[in-house]
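Chemist: To start, I am sharing the structure in question, which I have written as structure tokens.
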Amino acid sequence: MTSRAAALYRYPIKGFSPEAVRSARLDPGAYFPGDRLFAVENGPSGFDPAAPKFIPKRHFTVLAHIPRVAQVRTCFDEERGTLRVAFPEADAFDVDLSRAAGREAFARRLAAFLGEETLNGPLRVLAAPATRFTDDPAGKISILNLASVRDLEERLGKPIDPLRFRANVHVEGWAPWIELELAGGAPLRLGGARACVVKSILRCAATHVDPQSGERDLDLVEALWTQYGHRFCGIYASVTHEGRLDEGDAVEFAL
């Protein structure tokens with residue numbers, strides 16, 4: 001079977017809803033389009049939009065620390081700059097993230113939903129056009145091998161939603177765990193684009209959270225260690241030659 005991109009996802013707001021896309025234009029050294037454009041600061045982080053630098057995820061409202069974030073459904077209209085937000089058992093509403101008033105409105109209503117006991121300080125929606133709010137400074141594009149997820153699923157005897165891993169590209173057709181055998185710099189073909197492997201993805205407690213219920217119900221970090229002796233699942237890649245990646249396109253090792 002030819003290995004292919006089974007699904008493509010972006011996560012416009014760090015920690016919040018995945019958004020499936022059918023196609024993505026990949027540019028050299030660039031991030032996955034529309035991915036991790038915003039983050040919600042959970043108390044002062046020291047982040048300076050005028051001089052952006054990497055900030056660890058513990059400073060944001062993310063699943064690793066606040067599982068209930070998964071219960072908030074969001075959808076970002078990049079052209080209009082508006083975010084549709086739906087809290088459980090409440091009507092959806094729109095906020096304009098291009099304006100301070102819209103960002104403040106989202107932060108205020110989110111704080112009320114999450115509750116003060118989960119917060120380290122005031123919430124603030126951050127944007128940084130020159131960078132992205134990835135979990136790792138090297139995390140330009142994240143790739144998940146679905147066969148690896150199924151292998152872990154079979155060992156545990158429990159279903160595992162691939163969305164727990166919040167990757168941009170879901171690959172079907174690779175052998176289980178073959179991605180972890182690739183050295184940094186190994187070439188990849190992503191549809192019409194070319195890329196290289198940067199590093200394996202070290203997993204955290206965000207994977208413990210069911211993306212549908214928002215419940216912390218499965219310790220996948222411990223499971224990875226117990227079953228395989230490591231805590232990796234997926235790889236980061238960096239684009240070297242521009243091109244388009246469509247759902248269903250080949251994703252192959254360009255050896």
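Chain lettering (A, B, ...) mirrors the order of the structure tokens, residue numbering begins at 1 for each chain separately, and ligand numbering begins at 1 in order of display.
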Fewer than 5 positions away in the same chain doesn't count, so skip those; otherwise give me all residues within 12 Å of His59 (chain A), counting only C-alpha atoms, as number ranges by chain.

Modeler: A: 14-15, 39-47, 54, 64-66, 119-126, 133, 135

Chemist: Out of region 138-252 of chain A, which residues get strand (DSSP E) from DSSP, as a short mmCIF file (atom, residue, chain, number, x, y, z; two decimals) with C-alpha atoms, in the first residue's frame?

Modeler:
```
data_model
loop_
_atom_site.label_atom_id
_atom_site.label_comp_id
_atom_site.auth_asym_id
_atom_site.auth_seq_id
_atom_site.Cartn_x
_atom_site.Cartn_y
_atom_site.Cartn_z
CA ILE A 141 5.14 20.46 10.96
CA SER A 142 4.09 17.46 13.04
CA ILE A 143 3.52 14.03 11.48
CA LEU A 144 1.74 11.06 13.09
CA ASN A 145 2.05 7.45 11.92
CA VAL A 169 -0.36 15.20 9.07
CA HIS A 170 -1.79 11.72 9.74
CA VAL A 171 0.02 9.10 7.65
CA GLU A 172 -1.45 5.78 6.56
CA PRO A 187 14.38 13.37 3.55
CA LEU A 188 10.61 13.09 3.17
CA ARG A 189 8.19 13.66 0.32
CA LEU A 190 4.97 15.38 1.39
CA ALA A 193 6.70 19.34 -1.25
CA ARG A 194 9.99 18.06 0.11
CA ALA A 195 10.96 18.07 3.77
CA CYS A 196 13.41 16.61 6.23
CA VAL A 197 12.97 14.97 9.62
CA VAL A 198 13.93 17.25 12.52
CA LYS A 199 13.31 15.09 15.60
CA SER A 200 10.91 12.67 17.25
CA ILE A 201 8.08 14.15 19.32
CA LEU A 202 8.32 13.66 23.07
CA PHE A 232 7.96 9.35 21.61
CA CYS A 233 5.11 9.26 19.10
CA GLY A 234 5.36 11.12 15.80
CA ILE A 235 8.03 13.31 14.23
CA TYR A 236 8.63 16.96 13.49
CA ALA A 237 9.61 17.88 9.94
CA SER A 238 10.85 21.03 8.22
CA VAL A 239 9.98 21.84 4.60
CA THR A 240 12.96 22.22 2.27
CA HIS A 241 11.22 22.63 -1.12
CA GLY A 243 4.79 22.34 -2.81
CA ARG A 244 1.19 21.43 -2.12
CA LEU A 245 0.09 18.59 0.11
CA ASP A 246 -3.45 17.35 -0.45
CA VAL A 251 3.94 10.79 2.10
CA GLU A 252 7.12 8.80 1.66
#
```

Chemist: Just give me the gap between CA of Leu83 (chain A) and CA of Arg10 (chain A) in Å, one decimal is fine.

Modeler: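 It comes out at 14.1 Å.
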
Chemist: With only C-alpha atoms as the counted atoms, please give the residues lying no more than 12 Å from Arg155 (chain A), apart from itself and same-chain residues fewer than 4 positions off, as a list in words.

Modeler: Ser148, Val149, Arg150, Asp151, Pro159, Ile160, Leu220, Ala223, Leu224, Thr226, Gln227 and Tyr228 of chain A

Chemist: Near Gly34 (chain A), within 10 Å and counting only C-alpha atoms, which residues show up once chain neighbours fewer than 2 positions away are dropped, as a list in words?

Modeler: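 Answer for this query is Tyr9, Arg10, Tyr11, Pro12, Ile13, Glu19, Ala24, Tyr31, Phe32, Arg36, Leu37, Phe38, Phe76, Asp77, Glu78 and Arg132 of chain A.
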
Chemist: Write a file of the just-selected residues containing C-alpha atoms, as a compact mmCIF listing (two decimals), in the first residue's frame.

Modeler:
```txt
# COMPACT_ATOMS: atom_id res chain seq x y z
CA TYR A 9 -5.23 19.22 10.59
CA ARG A 10 -4.45 22.68 11.81
CA TYR A 11 -4.86 23.98 15.36
CA PRO A 12 -5.31 27.76 15.06
CA ILE A 13 -5.61 28.27 18.83
CA GLU A 19 -9.69 21.82 12.18
CA ALA A 24 -2.03 22.86 2.47
CA TYR A 31 4.96 26.34 9.76
CA PHE A 32 1.88 24.35 8.74
CA ARG A 36 -0.89 27.58 16.38
CA LEU A 37 -1.48 31.19 15.36
CA PHE A 38 -2.76 32.13 18.82
CA PHE A 76 -11.29 30.08 13.17
CA ASP A 77 -12.17 32.04 10.03
CA GLU A 78 -8.71 33.16 8.94
CA ARG A 132 3.97 30.12 16.22
```

Chemist: Neighbouring residues of Gly214 (chain A) were defined as those with any atom within 9 Å, considering only C-alpha atoms; residues of the same chain fewer than 2 positions away were excluded. Please report them as a list in words.

Modeler: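 The contact residues come out as Leu63, Ile66, Pro67, Arg68, Val69, Ala70, Gln71, Val72, Val209, Asp210, Pro211, Gln212, Arg216 and Asp217 of chain A.
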
Chemist: Taking into account only C-alpha atoms, which residue in the set A:Pro33, A:Pro176, A:Gly192, A:Pro137 is nearest to Leu152 (chain A)?

Modeler: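 Under the stated criterion, the closest residue is A:Pro176.
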
Chemist: So which residues touch Leu110 (chain A) within 9 Å, counting only C-alpha atoms, skipping near sequence neighbours fewer than 2 positions away, as a ChimeraX atom specification?

Modeler: /A:69,72,87,105-108,112-115,123

Chemist: Grab the CA of His230 (chain A) to CA of Gly139 (chain A) distance for me, in Å with one decimal place.

Modeler: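 Separation of CA of His230 (chain A) and CA of Gly139 (chain A): 19.1 Å.
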